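Student: Dropping in work_10.csv, which is CSV, C-alpha atoms:
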```csv
chain,number,residue,atom,x,y,z
P,1,MET,CA,37.7,-5.6,66.2
P,2,ILE,CA,37.2,-4.2,62.7
P,3,ALA,CA,35.0,-5.9,60.1
P,4,SER,CA,34.0,-5.0,56.6
P,5,CYS,CA,32.2,-6.4,53.6
P,6,GLY,CA,33.1,-6.3,49.9
P,7,LEU,CA,31.6,-3.7,47.6
P,8,PRO,CA,28.8,-5.0,45.4
P,9,ARG,CA,29.7,-5.8,41.7
P,10,SER,CA,27.6,-5.7,38.6
P,11,GLY,CA,29.1,-8.9,37.2
P,12,PRO,CA,32.2,-11.1,37.0
P,13,ASN,CA,35.6,-9.6,36.5
P,14,LYS,CA,38.0,-10.3,33.6
P,15,ARG,CA,39.8,-13.1,35.3
P,16,GLU,CA,36.6,-14.9,36.2
P,17,ILE,CA,35.3,-14.6,32.6
P,18,LEU,CA,38.5,-16.0,31.1
P,19,ALA,CA,38.4,-18.9,33.6
P,20,GLY,CA,35.1,-20.0,32.1
P,21,SER,CA,36.3,-19.8,28.5
P,22,VAL,CA,36.7,-22.8,26.1
P,23,ASP,CA,40.5,-22.3,26.3
P,24,GLN,CA,40.3,-23.0,30.0
P,25,LYS,CA,38.0,-26.0,29.4
P,26,GLY,CA,34.9,-24.0,30.1
P,27,ASP,CA,31.8,-23.6,27.9
P,28,ALA,CA,32.1,-19.9,27.0
P,29,PHE,CA,33.6,-18.5,23.8
P,30,VAL,CA,35.5,-15.3,24.7
P,31,VAL,CA,36.4,-13.0,21.8
P,32,ALA,CA,38.7,-10.1,22.3
P,33,VAL,CA,37.1,-6.9,20.9
P,34,THR,CA,39.7,-5.5,18.5
P,35,PRO,CA,39.1,-2.8,15.9
P,36,ALA,CA,38.6,-5.5,13.2
P,37,VAL,CA,35.9,-7.2,15.3
P,38,ALA,CA,34.2,-3.9,16.0
P,39,ARG,CA,34.1,-3.1,12.3
P,40,ALA,CA,32.7,-6.6,11.4
P,41,THR,CA,30.0,-6.4,14.0
P,42,ALA,CA,29.0,-2.9,13.2
P,43,VAL,CA,27.7,-3.9,9.7
P,44,GLN,CA,23.9,-3.7,9.7
P,45,PRO,CA,21.9,-6.1,7.4
P,46,VAL,CA,20.4,-4.4,4.4
P,47,PHE,CA,16.7,-4.9,3.9
P,48,GLY,CA,14.4,-3.8,1.2
P,49,PHE,CA,11.6,-4.8,-1.2
P,50,SER,CA,12.2,-6.7,-4.4
P,51,ASP,CA,11.3,-5.2,-7.8
P,52,SER,CA,8.4,-7.6,-8.1
P,53,PHE,CA,7.1,-6.5,-4.8
P,54,ARG,CA,7.5,-2.8,-5.5
P,55,ASN,CA,5.9,-3.1,-9.0
P,56,ALA,CA,2.8,-4.8,-7.7
P,57,GLY,CA,-0.3,-2.8,-8.6
P,58,VAL,CA,-1.5,0.0,-6.3
P,59,VAL,CA,-4.8,-0.8,-4.4
P,60,ALA,CA,-7.1,2.1,-4.7
P,61,SER,CA,-8.8,3.0,-1.4
P,62,ASP,CA,-12.2,2.7,-3.1
P,63,MET,CA,-11.5,-0.3,-5.3
P,64,ILE,CA,-14.1,-3.1,-4.9
P,65,SER,CA,-12.7,-6.5,-3.9
P,66,SER,CA,-14.1,-10.0,-3.2
P,67,GLY,CA,-15.8,-10.0,0.2
P,68,ASP,CA,-16.9,-6.4,0.0
P,69,THR,CA,-20.6,-5.6,0.6
P,70,ILE,CA,-22.4,-3.5,-2.0
P,71,ASN,CA,-25.6,-1.5,-1.7
P,72,ILE,CA,-27.4,-0.4,-4.9
P,73,THR,CA,-30.4,2.0,-5.3
P,74,VAL,CA,-32.1,2.2,-8.6
P,75,TYR,CA,-34.5,5.1,-9.5
P,76,GLU,CA,-36.8,4.4,-12.4
P,77,ASN,CA,-38.6,6.9,-14.6
P,78,VAL,CA,-41.7,4.7,-14.8
P,79,LYS,CA,-44.5,4.5,-12.3
P,80,ASP,CA,-47.0,2.0,-13.5
P,81,GLU,CA,-44.8,-1.0,-14.3
P,82,PRO,CA,-41.3,-0.5,-12.8
P,83,LEU,CA,-38.7,-3.1,-13.7
P,84,LEU,CA,-37.5,-3.8,-10.1
P,85,GLY,CA,-40.1,-2.4,-7.8
P,86,ASN,CA,-43.8,-2.9,-7.2
P,87,THR,CA,-46.4,-0.9,-9.1
P,88,GLY,CA,-46.2,2.8,-8.1
P,89,GLN,CA,-42.7,2.2,-6.6
P,90,ARG,CA,-40.0,4.1,-8.5
P,91,VAL,CA,-37.2,3.5,-6.1
P,92,SER,CA,-35.7,0.0,-5.5
P,93,GLY,CA,-33.0,-0.8,-3.0
P,94,LEU,CA,-30.7,-3.8,-3.4
P,95,SER,CA,-28.8,-4.0,-0.1
P,96,GLU,CA,-26.1,-6.2,1.4
P,97,ILE,CA,-24.9,-7.7,-1.9
P,98,GLN,CA,-21.7,-9.5,-1.2
P,99,VAL,CA,-19.0,-9.7,-3.9
P,100,ASP,CA,-18.3,-13.4,-4.4
P,101,GLY,CA,-14.9,-15.1,-4.5
P,102,GLN,CA,-14.7,-14.6,-8.3
P,103,GLY,CA,-15.5,-10.9,-7.9
P,104,PHE,CA,-19.1,-11.0,-9.2
P,105,ILE,CA,-22.4,-9.8,-7.9
P,106,TYR,CA,-25.9,-10.7,-9.1
P,107,ILE,CA,-28.6,-8.1,-9.9
P,108,PRO,CA,-32.1,-9.0,-11.0
P,109,TYR,CA,-32.6,-8.3,-14.8
P,110,ALA,CA,-28.9,-7.4,-15.1
P,111,GLY,CA,-27.4,-10.8,-14.3
P,112,ARG,CA,-23.9,-11.4,-13.0
P,113,ILE,CA,-21.7,-8.4,-13.1
P,114,LYS,CA,-17.9,-8.3,-12.5
P,115,ALA,CA,-17.6,-5.9,-9.6
P,116,ALA,CA,-14.1,-6.6,-8.3
P,117,GLY,CA,-11.5,-4.2,-9.7
P,118,LEU,CA,-14.1,-1.5,-10.2
P,119,THR,CA,-14.7,1.6,-8.1
P,120,PRO,CA,-18.3,2.3,-7.0
P,121,GLU,CA,-18.6,4.8,-9.8
P,122,GLY,CA,-17.4,2.2,-12.3
P,123,LEU,CA,-19.9,-0.3,-11.0
P,124,ARG,CA,-22.6,2.3,-11.1
P,125,GLN,CA,-21.9,2.8,-14.8
P,126,ALA,CA,-21.9,-1.0,-15.5
P,127,VAL,CA,-25.2,-1.5,-13.8
P,128,THR,CA,-26.7,1.5,-15.6
P,129,ARG,CA,-25.7,0.0,-19.0
P,130,LYS,CA,-27.2,-3.4,-18.1
P,131,LEU,CA,-30.6,-1.8,-17.1
P,132,GLU,CA,-31.0,1.0,-19.5
P,133,ASP,CA,-32.2,-1.4,-22.3
P,134,GLN,CA,-35.0,-2.6,-20.0
P,135,THR,CA,-36.1,0.6,-18.2
P,136,PRO,CA,-35.9,4.1,-19.5
P,137,ASP,CA,-33.0,6.3,-18.2
P,138,PRO,CA,-32.4,4.5,-14.9
P,139,GLN,CA,-30.6,6.4,-12.2
P,140,VAL,CA,-28.3,4.2,-10.1
P,141,SER,CA,-26.3,4.9,-6.9
P,142,VAL,CA,-23.8,2.5,-5.5
P,143,SER,CA,-22.1,2.4,-2.0
P,144,ARG,CA,-19.5,0.0,-0.8
P,145,ARG,CA,-18.5,-1.4,2.6
P,146,PRO,CA,-15.0,-2.9,2.6
P,147,GLY,CA,-14.6,-6.6,3.4
P,148,GLU,CA,-11.6,-8.8,4.1
P,149,GLY,CA,-10.2,-8.3,0.6
P,150,SER,CA,-9.5,-4.6,1.3
P,151,THR,CA,-7.9,-4.9,4.7
P,152,VAL,CA,-4.4,-5.1,6.3
P,153,SER,CA,-3.6,-7.3,9.2
P,154,ILE,CA,-1.1,-5.8,11.6
P,155,SER,CA,0.6,-8.0,14.3
P,156,GLY,CA,3.8,-8.0,16.4
P,157,GLN,CA,5.2,-5.0,18.3
P,158,ALA,CA,2.5,-2.6,17.1
P,159,GLY,CA,0.4,-0.5,19.5
P,160,LEU,CA,-2.9,-2.0,18.5
P,161,ASN,CA,-2.7,-5.3,16.6
P,162,GLY,CA,-5.8,-6.0,14.4
P,163,VAL,CA,-7.3,-5.9,11.0
P,164,TYR,CA,-7.6,-2.4,9.4
P,165,PRO,CA,-9.4,-1.3,6.2
P,166,ILE,CA,-7.5,0.3,3.4
P,167,GLU,CA,-8.8,3.9,3.3
P,168,ALA,CA,-7.8,7.1,1.5
P,169,SER,CA,-6.0,8.2,4.7
P,170,THR,CA,-4.1,4.9,5.2
P,171,ARG,CA,-2.8,4.0,1.8
P,172,THR,CA,0.9,4.2,2.8
P,173,LEU,CA,2.8,1.9,5.2
P,174,GLY,CA,3.6,4.8,7.6
P,175,THR,CA,0.0,6.0,7.9
P,176,MET,CA,-1.3,2.5,8.4
P,177,LEU,CA,1.2,1.9,11.2
P,178,ALA,CA,0.2,5.2,12.7
P,179,LYS,CA,-3.4,4.2,12.7
P,180,ALA,CA,-2.4,1.0,14.6
P,181,GLY,CA,-0.7,3.1,17.3
P,182,GLY,CA,2.8,3.0,16.0
P,183,VAL,CA,5.4,0.5,17.4
P,184,THR,CA,6.1,-0.3,21.0
P,185,VAL,CA,9.8,-0.7,20.5
P,186,ASP,CA,12.5,1.9,19.7
P,187,PRO,CA,11.8,2.9,16.1
P,188,ALA,CA,15.5,2.9,15.5
P,189,ILE,CA,15.6,-0.9,15.8
P,190,ALA,CA,12.2,-1.7,14.5
P,191,ILE,CA,11.9,-3.9,11.4
P,192,VAL,CA,8.7,-3.9,9.4
P,193,ARG,CA,7.8,-7.1,7.5
P,194,VAL,CA,5.2,-6.8,4.8
P,195,THR,CA,3.5,-9.8,3.0
P,196,ARG,CA,1.4,-9.2,0.0
P,197,GLY,CA,0.2,-12.3,-1.8
P,198,ARG,CA,3.3,-14.4,-2.5
P,199,TYR,CA,5.7,-11.5,-2.0
P,200,THR,CA,7.4,-10.7,1.3
P,201,GLY,CA,9.9,-8.0,2.2
P,202,LYS,CA,11.2,-6.2,5.2
P,203,ILE,CA,12.7,-2.8,5.9
P,204,TRP,CA,13.9,-0.8,8.8
P,205,LEU,CA,11.2,1.5,10.2
P,206,ASN,CA,13.5,4.5,10.3
```
Represent the supplied structure as structure tokens.
Tutor:
Amino acid sequence: MIASCGLPRSGPNKREILAGSVDQKGDAFVVAVTPAVARATAVQPVFGFSDSFRNAGVVASDMISSGDTINITVYENVKDEPLLGNTGQRVSGLSEIQVDGQGFIYIPYAGRIKAAGLTPEGLRQAVTRKLEDQTPDPQVSVSRRPGEGSTVSISGQAGLNGVYPIEASTRTLGTMLAKAGGVTVDPAIAIVRVTRGRYTGKIWLN
């Protein structure tokens, strides 16, 4: 007695596929792959950014935005009656000043100052101008800690999804993605979607 079994198959054969087609009252649409069909399906969608998107202003890595935290130190050239500090105190620190939603900060004796849109150096000059009429030759230093207004949110098939600050080393799309660990899919098929304000665009990664 001789017995045997059929060889395993990876899927249905041509006859079985056609038997389930709509033409045979099945529920599958079967399309013959001809040269014309191959050319039509080989067309890749064209992506890109609109002119309004590309012409949006460049965000400097050290530009102050709403939500940033500012630290200011003022050195005064008077000892007996300093403007900001106590008697005998020439150095005054104003720490953890948050830029409000309108882009302003408040400094005693200087009032409300528009900080958003300035660099720390620009803000230093603005504060100096406000104080120099009230205390002789003030020396001002300014430091900034980025808030939500100077960050990028990365989600999807990235290595490390999260919120990343815009820094001097991550001002381009490629470097920002690299900081997030790149993409977890084949770069040849990866599509990057970017939303900035009311503008949205998408491009192929490669």
Student: So which residues fall inside 7 Å of (-12.7, -5.4, -6.5) if we count only C-alpha atoms? Mind giving them as a PDB file with C-alpha atoms, in the frame of the given file?
Tutor:
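Output file result29.pdb is given in full below:
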```
ATOM      1  CA  MET P  63     -11.500  -0.300  -5.300  1.00  0.00           C
ATOM      2  CA  ILE P  64     -14.100  -3.100  -4.900  1.00  0.00           C
ATOM      3  CA  SER P  65     -12.700  -6.500  -3.900  1.00  0.00           C
ATOM      4  CA  SER P  66     -14.100 -10.000  -3.200  1.00  0.00           C
ATOM      5  CA  GLY P 103     -15.500 -10.900  -7.900  1.00  0.00           C
ATOM      6  CA  ALA P 115     -17.600  -5.900  -9.600  1.00  0.00           C
ATOM      7  CA  ALA P 116     -14.100  -6.600  -8.300  1.00  0.00           C
ATOM      8  CA  GLY P 117     -11.500  -4.200  -9.700  1.00  0.00           C
ATOM      9  CA  LEU P 118     -14.100  -1.500 -10.200  1.00  0.00           C
TER      10      LEU P 118
END
```
Student: State, in Å with one decimal place, the distance from atom CA of P:Asp186 to atom CA of P:Ala158.
Tutor: 11.3 Å
Student: In Å, how far is it from atom CA of P:Ile189 to atom CA of P:Gln157?
Tutor: 11.5 Å
Student: Between P:Ile113, P:Leu131, P:Val140, P:Leu123, which has the minimum distance to P:Ser92 (counting all atoms listed in the file)?
Tutor: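 When distances to P:Ser92 are compared using all atoms listed in the file, the smallest one comes from P:Val140.
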Student: Give me the residues within 12 Å of P:Asn161 as a PyMOL selection string, counting only C-alpha atoms and dropping any in the same chain fewer than 5 places off.
Tutor: chain P and resi 152-156+176-184
Student: Report, in Å with one decimal, the straight-line distance from atom CA of P:Arg198 to atom CA of P:Leu173.
Tutor: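 Taking atom CA of P:Arg198 as the start and atom CA of P:Leu173 as the end point, the length is 18.0 Å.
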Student: For P:Tyr199, which residue out of P:Asp133, P:Ser169, P:Gly122, P:Phe49 is the nearest one, using only C-alpha atoms?
Tutor: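 Between P:Asp133, P:Ser169, P:Gly122, P:Phe49, the residue approaching P:Tyr199 most closely is P:Phe49.
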Student: Considering only C-alpha atoms, state which residue in the set P:Ala19, P:Ile70, P:Ala190, P:Leu205 is at the smallest distance from P:Gly147.
Tutor: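 The answer is P:Ile70, which sits nearest to P:Gly147.
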Student: Can you work out which one of P:Gly11, P:Gly149, P:Gly93, P:Gly201 has the shortest atom-to-atom distance to P:Asp62, counting all atoms listed in the file?
Tutor: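 Closest residue, counting all atoms listed in the file: P:Gly149.
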Student: Looking at P:Ile17, P:Ala32, P:Val78, P:Val194, which one is nearest to P:Thr172, with distances taken over only C-alpha atoms?
Tutor: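 Among P:Ile17, P:Ala32, P:Val78, P:Val194, it is P:Val194 that comes nearest to P:Thr172.
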Student: Would you kindly return, as an mmCIF file with C-alpha atoms, keeping the file's coordinate frame, each protein, DNA or RNA residue with an atom no farther than 8 Å from any atom of P:Gln139, considering only C-alpha atoms and excluding same-chain residues fewer than 6 positions away?
Tutor:
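As a result, selection18.cif now contains:
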```
data_model
loop_
_atom_site.group_PDB
_atom_site.id
_atom_site.type_symbol
_atom_site.label_atom_id
_atom_site.label_comp_id
_atom_site.auth_asym_id
_atom_site.auth_seq_id
_atom_site.Cartn_x
_atom_site.Cartn_y
_atom_site.Cartn_z
ATOM 1 C CA VAL P 74 -32.100 2.200 -8.600
ATOM 2 C CA TYR P 75 -34.500 5.100 -9.500
ATOM 3 C CA GLU P 76 -36.800 4.400 -12.400
ATOM 4 C CA THR P 128 -26.700 1.500 -15.600
#
```
Student: So which one's closest to P:Val192, P:Ser10, P:Arg129, P:Ala36, P:Phe47? Using all atoms listed in the file, please.
Tutor: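 Closest to P:Val192 of all the choices is P:Phe47.
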Student: Neighbouring residues of P:Ile105 were defined as those with any atom within 12 Å, considering only C-alpha atoms; residues of the same chain fewer than 3 positions away were excluded. Please report them as a count of residues only.
Tutor: 30
Student: Please, could N, CA and C atoms be added to stretch 112-136 of chain P and the result written as a compact mmCIF listing (two decimals), in the frame of the given file?
Tutor:
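The resulting file, selection-v3.txt, is shown below:
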```txt
# COMPACT_ATOMS: atom_id res chain seq x y z
N ARG P 112 -25.19 -11.46 -13.72
CA ARG P 112 -23.90 -11.40 -13.00
C ARG P 112 -23.04 -10.31 -13.60
N ILE P 113 -22.52 -9.49 -12.71
CA ILE P 113 -21.70 -8.40 -13.10
C ILE P 113 -20.35 -8.46 -12.40
N LYS P 114 -19.27 -8.30 -13.13
CA LYS P 114 -17.90 -8.30 -12.50
C LYS P 114 -17.76 -6.98 -11.77
N ALA P 115 -17.68 -7.08 -10.43
CA ALA P 115 -17.60 -5.90 -9.60
C ALA P 115 -16.14 -5.67 -9.10
N ALA P 116 -15.42 -6.77 -8.81
CA ALA P 116 -14.10 -6.60 -8.30
C ALA P 116 -13.18 -5.93 -9.32
N GLY P 117 -12.38 -5.00 -8.83
CA GLY P 117 -11.50 -4.20 -9.70
C GLY P 117 -12.11 -2.92 -10.16
N LEU P 118 -13.40 -2.72 -9.89
CA LEU P 118 -14.10 -1.50 -10.20
C LEU P 118 -14.18 -0.59 -9.00
N THR P 119 -14.34 0.70 -9.21
CA THR P 119 -14.70 1.60 -8.10
C THR P 119 -16.24 1.63 -8.06
N PRO P 120 -16.82 2.19 -7.00
CA PRO P 120 -18.30 2.30 -7.00
C PRO P 120 -18.84 3.05 -8.19
N GLU P 121 -18.11 4.06 -8.66
CA GLU P 121 -18.60 4.80 -9.80
C GLU P 121 -18.52 3.89 -11.08
N GLY P 122 -17.47 3.09 -11.20
CA GLY P 122 -17.40 2.20 -12.30
C GLY P 122 -18.48 1.14 -12.31
N LEU P 123 -18.80 0.64 -11.11
CA LEU P 123 -19.90 -0.30 -11.00
C LEU P 123 -21.23 0.33 -11.29
N ARG P 124 -21.40 1.56 -10.86
CA ARG P 124 -22.60 2.30 -11.10
C ARG P 124 -22.87 2.38 -12.65
N GLN P 125 -21.81 2.70 -13.39
CA GLN P 125 -21.90 2.80 -14.80
C GLN P 125 -22.26 1.44 -15.46
N ALA P 126 -21.62 0.37 -14.93
CA ALA P 126 -21.90 -1.00 -15.50
C ALA P 126 -23.31 -1.40 -15.24
N VAL P 127 -23.84 -1.13 -14.05
CA VAL P 127 -25.20 -1.50 -13.80
C VAL P 127 -26.18 -0.68 -14.62
N THR P 128 -25.89 0.60 -14.79
CA THR P 128 -26.70 1.50 -15.60
C THR P 128 -26.82 0.92 -17.05
N ARG P 129 -25.67 0.52 -17.60
CA ARG P 129 -25.70 0.00 -19.00
C ARG P 129 -26.51 -1.28 -19.08
N LYS P 130 -26.46 -2.12 -18.04
CA LYS P 130 -27.20 -3.40 -18.10
C LYS P 130 -28.74 -3.13 -17.99
N LEU P 131 -29.14 -2.07 -17.29
CA LEU P 131 -30.60 -1.80 -17.10
C LEU P 131 -31.21 -0.90 -18.06
N GLU P 132 -30.42 -0.06 -18.73
CA GLU P 132 -31.00 1.00 -19.50
C GLU P 132 -31.76 0.46 -20.77
N ASP P 133 -31.48 -0.78 -21.18
CA ASP P 133 -32.20 -1.40 -22.30
C ASP P 133 -33.58 -1.92 -21.84
N GLN P 134 -33.79 -1.98 -20.52
CA GLN P 134 -35.00 -2.60 -20.00
C GLN P 134 -35.92 -1.59 -19.28
N THR P 135 -35.35 -0.48 -18.83
CA THR P 135 -36.10 0.60 -18.20
C THR P 135 -35.55 1.90 -18.63
N PRO P 136 -36.38 2.88 -18.96
CA PRO P 136 -35.90 4.10 -19.50
C PRO P 136 -35.08 4.97 -18.53
```
